[in-house]
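Colleague: I am sharing input09.csv, which consists of CSV, C-alpha atoms:
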chain,number,residue,atom,x,y,z
A,712,MET,CA,-7.3,-29.6,18.9
A,713,GLN,CA,-4.1,-27.6,18.5
A,714,LYS,CA,-2.0,-25.5,20.8
A,715,ILE,CA,-0.9,-22.3,19.1
A,716,PRO,CA,0.9,-19.1,20.1
A,717,LEU,CA,-1.3,-16.2,20.8
A,718,ASN,CA,0.0,-14.2,17.9
A,719,LEU,CA,-1.3,-16.9,15.5
A,720,ALA,CA,-4.9,-16.7,17.0
A,721,ARG,CA,-7.5,-15.2,14.7
A,722,PRO,CA,-11.0,-14.0,15.2
A,723,GLY,CA,-13.5,-16.8,14.6
A,724,MET,CA,-11.4,-19.6,16.0
A,725,LEU,CA,-13.0,-21.7,18.8
A,726,LEU,CA,-11.3,-22.4,22.1
A,727,ALA,CA,-10.9,-26.2,22.8
A,728,LYS,CA,-9.8,-25.6,26.4
A,729,PRO,CA,-10.6,-22.8,28.8
A,730,VAL,CA,-8.2,-20.0,29.3
A,731,THR,CA,-7.3,-19.4,32.9
A,732,ARG,CA,-5.5,-16.8,34.9
A,733,PRO,CA,-2.4,-17.9,36.9
A,734,ASP,CA,-4.6,-18.1,40.0
A,735,GLY,CA,-6.8,-20.7,38.2
A,736,ILE,CA,-9.9,-18.6,37.5
A,737,ALA,CA,-11.2,-19.1,34.0
A,738,VAL,CA,-11.5,-16.0,31.9
A,739,ALA,CA,-12.8,-17.7,28.7
A,740,ALA,CA,-14.6,-21.1,28.5
A,741,ALA,CA,-14.0,-23.9,26.1
A,742,GLY,CA,-16.1,-23.4,23.0
A,743,SER,CA,-15.8,-19.6,23.1
A,744,GLU,CA,-15.3,-17.9,19.8
A,745,LEU,CA,-12.3,-15.7,19.6
A,746,SER,CA,-12.7,-12.0,18.7
A,747,GLU,CA,-10.2,-9.3,18.2
A,748,SER,CA,-11.0,-7.8,21.6
A,749,LEU,CA,-10.7,-11.1,23.4
A,750,ILE,CA,-7.3,-11.8,21.7
A,751,ASP,CA,-6.1,-8.3,22.8
A,752,ARG,CA,-7.4,-9.0,26.4
A,753,PHE,CA,-5.4,-12.3,26.5
A,754,ASP,CA,-2.3,-10.4,25.3
A,755,THR,CA,-2.6,-7.8,28.1
A,756,MET,CA,-3.1,-10.7,30.6
A,757,GLY,CA,0.2,-12.3,29.5
A,758,VAL,CA,-1.4,-15.4,27.9
A,759,THR,CA,1.1,-16.8,25.4
A,760,HIS,CA,-0.7,-19.9,24.0
A,761,LEU,CA,-4.2,-21.0,23.3
A,762,VAL,CA,-5.7,-24.5,22.6
A,763,VAL,CA,-8.2,-24.1,19.7
A,764,GLU,CA,-10.5,-26.6,17.9
A,765,GLY,CA,-9.2,-28.4,14.8
A,766,GLU,CA,-5.9,-27.6,13.3
A,767,PRO,CA,-6.3,-24.1,11.8
A,768,VAL,CA,-2.6,-23.3,11.8
A,769,ARG,CA,0.0,-25.3,9.8
A,770,LEU,CA,2.9,-25.7,12.1
A,771,ASP,CA,5.1,-27.7,9.8
A,772,GLY,CA,6.0,-25.0,7.2
A,773,PRO,CA,8.7,-25.5,4.6
A,774,ALA,CA,12.0,-26.6,6.0
A,775,GLY,CA,14.8,-24.1,6.2
A,776,SER,CA,12.6,-21.0,6.1
A,777,SER,CA,13.8,-19.6,9.4
A,778,SER,CA,16.5,-20.0,12.0
A,779,PHE,CA,14.0,-22.0,14.1
A,780,ASP,CA,13.7,-24.5,11.2
A,781,LYS,CA,17.4,-24.9,11.2
A,782,ARG,CA,17.5,-25.5,14.9
A,783,LEU,CA,14.6,-28.0,14.5
A,784,GLU,CA,16.6,-29.9,11.9
A,785,ARG,CA,19.6,-30.3,14.3
A,786,ILE,CA,17.6,-31.7,17.2
A,787,PRO,CA,17.9,-35.4,16.1
A,788,PHE,CA,21.6,-35.0,15.6
A,789,LEU,CA,22.0,-33.4,19.1
A,790,PHE,CA,20.1,-36.2,20.8
A,791,ARG,CA,21.5,-39.1,18.7
A,792,LYS,CA,23.4,-40.6,21.8
A,793,TYR,CA,20.3,-40.7,24.0
A,794,GLN,CA,18.0,-42.9,21.9
A,795,GLY,CA,17.1,-45.2,24.8
A,796,ASP,CA,16.9,-42.5,27.5
A,797,LYS,CA,13.2,-41.7,28.2
A,798,TRP,CA,14.0,-38.3,29.9
A,799,MET,CA,16.2,-37.1,27.1
A,800,GLY,CA,13.4,-38.3,24.7
A,801,GLN,CA,11.0,-36.1,26.6
A,802,ILE,CA,13.3,-33.1,26.3
A,803,GLN,CA,13.8,-33.8,22.6
A,804,ARG,CA,10.0,-33.8,22.1
A,805,LEU,CA,9.7,-30.6,24.1
A,806,LEU,CA,12.3,-28.8,22.0
A,807,ASP,CA,10.8,-30.1,18.8
A,808,HIS,CA,7.4,-28.7,19.8
A,809,TYR,CA,8.9,-25.4,20.9
A,810,PHE,CA,10.9,-24.8,17.7
A,811,ARG,CA,7.8,-25.8,15.6
A,812,MET,CA,5.8,-23.2,17.4
A,813,LYS,CA,8.5,-20.5,17.0
A,814,SER,CA,8.9,-21.4,13.4
A,815,ALA,CA,5.1,-21.1,12.7
A,816,SER,CA,5.0,-17.9,14.7
A,817,SER,CA,7.8,-16.3,12.7
A,818,ALA,CA,6.3,-17.4,9.4
A,819,ALA,CA,2.9,-15.8,10.5
A,820,LEU,CA,4.7,-12.6,11.4
A,821,ALA,CA,6.4,-12.5,8.0
A,822,GLU,CA,3.2,-13.2,6.2
A,823,ALA,CA,1.4,-10.4,8.2
A,824,ALA,CA,4.2,-8.0,7.4
A,825,LYS,CA,3.9,-8.9,3.7
A,826,ALA,CA,0.2,-8.3,3.8
A,827,ALA,CA,0.7,-5.0,5.5
A,828,ARG,CA,3.2,-3.9,2.9
A,829,ALA,CA,0.7,-4.9,0.1
A,830,ALA,CA,-2.1,-3.0,1.8
A,831,ALA,CA,0.1,0.1,2.2
A,832,ALA,CA,1.0,-0.1,-1.5
A,833,ALA,CA,-2.6,-0.4,-2.5
A,834,ALA,CA,-3.8,2.5,-0.4
A,835,PRO,CA,-2.2,5.3,-2.5
A,836,GLU,CA,-3.6,3.7,-5.7
A,837,GLU,CA,-7.1,3.7,-4.2
A,838,ALA,CA,-6.7,7.4,-3.0
A,839,ARG,CA,-5.5,8.4,-6.5
A,840,ASP,CA,-8.4,6.7,-8.2
A,841,LYS,CA,-10.8,8.4,-5.8
A,842,ASP,CA,-9.2,11.8,-6.5
A,843,LYS,CA,-9.6,11.3,-10.2
A,844,ALA,CA,-13.2,10.4,-9.8
A,845,GLU,CA,-13.8,13.6,-7.7
A,846,ALA,CA,-11.8,15.8,-10.1
A,847,ALA,CA,-13.8,14.7,-13.2
A,848,PRO,CA,-16.1,17.5,-14.4
A,849,ALA,CA,-19.8,16.9,-13.8
A,850,PRO,CA,-21.8,16.4,-17.0
A,851,ALA,CA,-23.5,19.6,-18.2
A,852,ALA,CA,-27.3,19.8,-17.7
A,853,LYS,CA,-29.3,19.7,-20.9
A,854,GLY,CA,-31.6,22.5,-21.8
A,855,GLY,CA,-30.0,25.7,-20.7
A,856,ALA,CA,-31.4,28.4,-18.5
A,857,ARG,CA,-33.8,30.9,-20.2
Would it be possible to restate this file's structure as structure tokens?
Modeller:
Amino acid sequence: MQKIPLNLARPGMLLAKPVTRPDGIAVAAAGSELSESLIDRFDTMGVTHLVVEGEPVRLDGPAGSSSFDKRLERIPFLFRKYQGDKWMGQIQRLLDHYFRMKSASSAALAEAAKAARAAAAAAPEEARDKDKAEAAPAPAAKGGAR
């Protein structure tokens, strides 16, 4: 079970916990399979996170890949004086989780932008190949007209 930001949710993932509105009414049950339309609906409802089955998203990406990673690296240093304080330990864990989620989210957005650029670059090549195929002359029929 993994809590992920909504922008990392993909069709086919299964919900591990129900998604509820602020008034407590469930809008999707645990075990529901995510679809693109369901993800869009959650986005319009203001849902920010989902709990999904398994661990489909790697939240511990390479260190130093974003400003969130740099902030994550500084957390132990910032809390070094509060090792025995249980409340500060809880805040430290909360910040650690928050920056891991933000880091994974920014990495996913960067990956999506890279994929979109690759798709945009491939589209003109496919159109050019299609135009060449249509422009090629049709083979002449054998046995001419009499």
Colleague: Using only C-alpha atoms, which of the listed residues (A:Asp796, A:Leu719, A:Leu726, A:Thr755) sits closest to Leu820 in chain A?
Modeller: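 Looking at the shortest contact to Leu820 in chain A, the residue is A:Leu719.
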Colleague: Show which residues sit within 12 Å of range 786-789 of chain A, as number ranges by chain. Count only C-alpha atoms, and ignore same-chain residues fewer than 6 positions away.
Modeller: A: 779-780, 799-800, 802-811
Colleague: Please, what distance in Å, to one decimal, runs between CA of Glu766 in chain A and CA of Phe790 in chain A?
Modeller: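 Between CA of Glu766 in chain A and CA of Phe790 in chain A the gap works out to 28.4 Å.
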Colleague: Rounded to one decimal, what separation in Å do you get between CA of Ala815 in chain A and CA of Glu764 in chain A?
Modeller: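 Pair CA of Ala815 in chain A / CA of Glu764 in chain A returns 17.3 Å.
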Colleague: Record the distance separating CA of Ala824 in chain A and CA of Arg721 in chain A, expressed in Å with one decimal.
Modeller: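 Answer for the CA of Ala824 in chain A to CA of Arg721 in chain A separation: 15.6 Å.
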Colleague: Kindly reconstruct range 735-746 of chain A with all heavy atoms and present the result as a PDB file, keeping the file's coordinate frame.
Modeller:
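rebuild.pdb, written as the output of this step:
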ATOM      1  N   GLY A 735      -5.893 -19.631  38.536  1.00  0.00           N
ATOM      2  CA  GLY A 735      -6.800 -20.700  38.200  1.00  0.00           C
ATOM      3  C   GLY A 735      -8.212 -20.313  37.834  1.00  0.00           C
ATOM      4  O   GLY A 735      -9.020 -21.161  37.484  1.00  0.00           O
ATOM      5  N   ILE A 736      -8.524 -19.051  37.883  1.00  0.00           N
ATOM      6  CA  ILE A 736      -9.900 -18.600  37.500  1.00  0.00           C
ATOM      7  C   ILE A 736      -9.978 -18.518  35.994  1.00  0.00           C
ATOM      8  O   ILE A 736      -9.130 -17.934  35.326  1.00  0.00           O
ATOM      9  CB  ILE A 736     -10.158 -17.208  38.149  1.00  0.00           C
ATOM     10  CG1 ILE A 736     -10.170 -17.338  39.665  1.00  0.00           C
ATOM     11  CG2 ILE A 736     -11.471 -16.637  37.618  1.00  0.00           C
ATOM     12  CD1 ILE A 736     -10.335 -16.040  40.407  1.00  0.00           C
ATOM     13  N   ALA A 737     -11.038 -19.130  35.455  1.00  0.00           N
ATOM     14  CA  ALA A 737     -11.200 -19.100  34.000  1.00  0.00           C
ATOM     15  C   ALA A 737     -11.703 -17.769  33.526  1.00  0.00           C
ATOM     16  O   ALA A 737     -12.582 -17.155  34.122  1.00  0.00           O
ATOM     17  CB  ALA A 737     -12.282 -20.199  33.640  1.00  0.00           C
ATOM     18  N   VAL A 738     -11.082 -17.295  32.459  1.00  0.00           N
ATOM     19  CA  VAL A 738     -11.500 -16.000  31.900  1.00  0.00           C
ATOM     20  C   VAL A 738     -12.200 -16.213  30.543  1.00  0.00           C
ATOM     21  O   VAL A 738     -12.863 -15.305  30.055  1.00  0.00           O
ATOM     22  CB  VAL A 738     -10.265 -15.073  31.681  1.00  0.00           C
ATOM     23  CG1 VAL A 738      -9.726 -14.627  33.017  1.00  0.00           C
ATOM     24  CG2 VAL A 738      -9.176 -15.720  30.861  1.00  0.00           C
ATOM     25  N   ALA A 739     -12.075 -17.408  29.959  1.00  0.00           N
ATOM     26  CA  ALA A 739     -12.800 -17.700  28.700  1.00  0.00           C
ATOM     27  C   ALA A 739     -13.040 -19.257  28.757  1.00  0.00           C
ATOM     28  O   ALA A 739     -12.121 -20.027  29.014  1.00  0.00           O
ATOM     29  CB  ALA A 739     -12.050 -17.332  27.501  1.00  0.00           C
ATOM     30  N   ALA A 740     -14.261 -19.660  28.475  1.00  0.00           N
ATOM     31  CA  ALA A 740     -14.600 -21.100  28.500  1.00  0.00           C
ATOM     32  C   ALA A 740     -14.274 -21.787  27.230  1.00  0.00           C
ATOM     33  O   ALA A 740     -14.140 -21.152  26.177  1.00  0.00           O
ATOM     34  CB  ALA A 740     -16.117 -21.213  28.794  1.00  0.00           C
ATOM     35  N   ALA A 741     -14.145 -23.097  27.328  1.00  0.00           N
ATOM     36  CA  ALA A 741     -14.000 -23.900  26.100  1.00  0.00           C
ATOM     37  C   ALA A 741     -15.184 -23.717  25.238  1.00  0.00           C
ATOM     38  O   ALA A 741     -16.309 -23.613  25.727  1.00  0.00           O
ATOM     39  CB  ALA A 741     -13.800 -25.377  26.502  1.00  0.00           C
ATOM     40  N   GLY A 742     -14.975 -23.623  23.945  1.00  0.00           N
ATOM     41  CA  GLY A 742     -16.100 -23.400  23.000  1.00  0.00           C
ATOM     42  C   GLY A 742     -16.312 -21.936  22.694  1.00  0.00           C
ATOM     43  O   GLY A 742     -17.098 -21.619  21.811  1.00  0.00           O
ATOM     44  N   SER A 743     -15.628 -21.027  23.400  1.00  0.00           N
ATOM     45  CA  SER A 743     -15.800 -19.600  23.100  1.00  0.00           C
ATOM     46  C   SER A 743     -15.161 -19.248  21.779  1.00  0.00           C
ATOM     47  O   SER A 743     -14.107 -19.754  21.421  1.00  0.00           O
ATOM     48  CB  SER A 743     -15.074 -18.755  24.205  1.00  0.00           C
ATOM     49  OG  SER A 743     -15.616 -18.993  25.467  1.00  0.00           O
ATOM     50  N   GLU A 744     -15.838 -18.372  21.050  1.00  0.00           N
ATOM     51  CA  GLU A 744     -15.300 -17.900  19.800  1.00  0.00           C
ATOM     52  C   GLU A 744     -14.394 -16.720  20.011  1.00  0.00           C
ATOM     53  O   GLU A 744     -14.760 -15.790  20.733  1.00  0.00           O
ATOM     54  CB  GLU A 744     -16.431 -17.530  18.816  1.00  0.00           C
ATOM     55  CG  GLU A 744     -15.937 -17.156  17.445  1.00  0.00           C
ATOM     56  CD  GLU A 744     -17.070 -16.926  16.462  1.00  0.00           C
ATOM     57  OE1 GLU A 744     -18.175 -17.465  16.668  1.00  0.00           O
ATOM     58  OE2 GLU A 744     -16.828 -16.214  15.477  1.00  0.00           O
ATOM     59  N   LEU A 745     -13.212 -16.755  19.415  1.00  0.00           N
ATOM     60  CA  LEU A 745     -12.300 -15.700  19.600  1.00  0.00           C
ATOM     61  C   LEU A 745     -12.696 -14.443  18.799  1.00  0.00           C
ATOM     62  O   LEU A 745     -13.182 -14.555  17.681  1.00  0.00           O
ATOM     63  CB  LEU A 745     -10.863 -16.083  19.151  1.00  0.00           C
ATOM     64  CG  LEU A 745     -10.187 -17.188  19.951  1.00  0.00           C
ATOM     65  CD1 LEU A 745      -8.826 -17.525  19.361  1.00  0.00           C
ATOM     66  CD2 LEU A 745     -10.040 -16.779  21.399  1.00  0.00           C
ATOM     67  N   SER A 746     -12.515 -13.288  19.406  1.00  0.00           N
ATOM     68  CA  SER A 746     -12.700 -12.000  18.700  1.00  0.00           C
ATOM     69  C   SER A 746     -11.460 -11.212  18.867  1.00  0.00           C
ATOM     70  O   SER A 746     -10.588 -11.552  19.665  1.00  0.00           O
ATOM     71  CB  SER A 746     -13.915 -11.261  19.361  1.00  0.00           C
ATOM     72  OG  SER A 746     -13.600 -10.919  20.697  1.00  0.00           O
TER      73      SER A 746
END
